[in-house]
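Okay, coords_3.cif now, which holds mmCIF, C-alpha atoms:
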data_model
loop_
_atom_site.group_PDB
_atom_site.id
_atom_site.type_symbol
_atom_site.label_atom_id
_atom_site.label_comp_id
_atom_site.auth_asym_id
_atom_site.auth_seq_id
_atom_site.Cartn_x
_atom_site.Cartn_y
_atom_site.Cartn_z
ATOM 1 C CA MET A 1 16.574 41.119 8.264
ATOM 2 C CA LEU A 2 19.332 38.671 7.445
ATOM 3 C CA SER A 3 18.632 36.584 10.547
ATOM 4 C CA LEU A 4 14.973 36.371 9.552
ATOM 5 C CA TYR A 5 16.042 35.011 6.149
ATOM 6 C CA PHE A 6 18.255 32.365 7.745
ATOM 7 C CA SER A 7 15.523 31.394 10.196
ATOM 8 C CA LEU A 8 13.025 31.018 7.378
ATOM 9 C CA GLN A 9 15.528 29.009 5.357
ATOM 10 C CA THR A 10 16.164 26.703 8.321
ATOM 11 C CA ILE A 11 12.448 26.146 8.820
ATOM 12 C CA LEU A 12 11.924 25.356 5.149
ATOM 13 C CA LEU A 13 14.837 22.924 5.060
ATOM 14 C CA SER A 14 13.586 21.074 8.127
ATOM 15 C CA ALA A 15 10.086 20.889 6.610
ATOM 16 C CA GLN A 16 11.575 19.516 3.400
ATOM 17 C CA ARG A 17 13.459 16.834 5.340
ATOM 18 C CA ARG A 18 10.296 15.830 7.171
ATOM 19 C CA LEU A 19 8.350 15.554 3.939
ATOM 20 C CA SER A 20 11.055 13.424 2.338
ATOM 21 C CA ARG A 21 10.934 11.051 5.311
ATOM 22 C CA GLU A 22 7.147 10.839 5.175
ATOM 23 C CA GLU A 23 7.220 9.681 1.551
ATOM 24 C CA LYS A 24 8.691 6.380 2.659
ATOM 25 C CA GLY A 25 5.826 5.942 5.095
ATOM 26 C CA ALA A 26 3.325 6.881 2.420
ATOM 27 C CA THR A 27 4.809 4.283 0.098
ATOM 28 C CA ALA A 28 4.484 1.622 2.786
ATOM 29 C CA VAL A 29 0.855 2.601 3.323
ATOM 30 C CA GLU A 30 0.188 2.390 -0.400
ATOM 31 C CA TYR A 31 1.702 -1.088 -0.557
ATOM 32 C CA GLY A 32 -0.383 -2.085 2.446
ATOM 33 C CA LEU A 33 -3.540 -0.888 0.716
ATOM 34 C CA LEU A 34 -2.625 -2.809 -2.430
ATOM 35 C CA VAL A 35 -2.052 -6.000 -0.460
ATOM 36 C CA GLY A 36 -5.379 -5.516 1.292
ATOM 37 C CA LEU A 37 -7.230 -5.015 -1.977
ATOM 38 C CA ILE A 38 -5.595 -8.077 -3.498
ATOM 39 C CA ALA A 39 -6.616 -10.121 -0.457
ATOM 40 C CA VAL A 40 -10.215 -8.911 -0.806
ATOM 41 C CA ALA A 41 -10.185 -9.856 -4.496
ATOM 42 C CA ILE A 42 -8.881 -13.346 -3.694
ATOM 43 C CA VAL A 43 -11.529 -13.894 -1.020
ATOM 44 C CA ALA A 44 -14.271 -12.677 -3.376
ATOM 45 C CA ALA A 45 -13.048 -14.996 -6.128
ATOM 46 C CA LEU A 46 -12.990 -17.952 -3.747
ATOM 47 C CA LEU A 47 -16.497 -17.181 -2.523
ATOM 48 C CA LEU A 48 -17.807 -16.969 -6.071
ATOM 49 C CA LEU A 49 -15.932 -19.970 -7.457
ATOM 50 C CA GLY A 50 -15.954 -22.138 -4.319
ATOM 51 C CA PRO A 51 -19.246 -23.943 -4.921
ATOM 52 C CA LYS A 52 -18.384 -24.580 -8.580
ATOM 53 C CA LEU A 53 -15.003 -26.029 -7.629
ATOM 54 C CA ALA A 54 -16.571 -28.193 -4.935
ATOM 55 C CA ALA A 55 -19.054 -29.577 -7.476
ATOM 56 C CA LEU A 56 -16.253 -30.215 -9.965
ATOM 57 C CA PHE A 57 -14.178 -32.115 -7.404
ATOM 58 C CA ALA A 58 -17.255 -34.105 -6.329
ATOM 59 C CA THR A 59 -17.852 -35.107 -9.950
ATOM 60 C CA VAL A 60 -14.226 -36.138 -10.387
ATOM 61 C CA THR A 61 -14.283 -38.072 -7.126
ATOM 62 C CA THR A 62 -17.373 -40.050 -8.102
ATOM 63 C CA SER A 63 -15.964 -40.745 -11.570
ATOM 64 C CA ILE A 64 -12.815 -42.410 -10.222
ATOM 65 C CA PRO A 65 -13.418 -46.119 -9.588
#
For this file, produce the structure as structure tokens.
Amino acid sequence: MLSLYFSLQTILLSAQRRLSREEKGATAVEYGLLVGLIAVAIVAALLLLGPKLAALFATVTTSIP
């Protein structure tokens, strides 16, 4: 009975170590997702504001003698 307890304790400790290591990987994945979402937001903003900025720069260019 005592050996079963120690075996179970060993299994639980190794599972706990694995889970603590996987948190670092999960954090990296979360940061990767955040960077991806920020990149999508930047591209969307450029697509929406691009024509307006081009028109603004064209107006400024024609205004300069």
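For the atom pair formed by CA of Thr61 (chain A) and CA of Ala45 (chain A), the distance is 23.1 Å, given to one decimal.
Across the model, the gap from CA of Val29 (chain A) to CA of Leu47 (chain A) is 27.0 Å.
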Centre, x/y/z edge lengths, axis-aligned box for region 37-52 of chain A with 8 Å per side, as lines of an AutoDock Vina configuration file:
center_x = -12.4
center_y = -14.8
center_z = -4.5
size_x = 29.7
size_y = 35.6
size_z = 24.1
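When CA of Leu33 (chain A) is paired with CA of Arg17 (chain A), their separation reads 25.0 Å.
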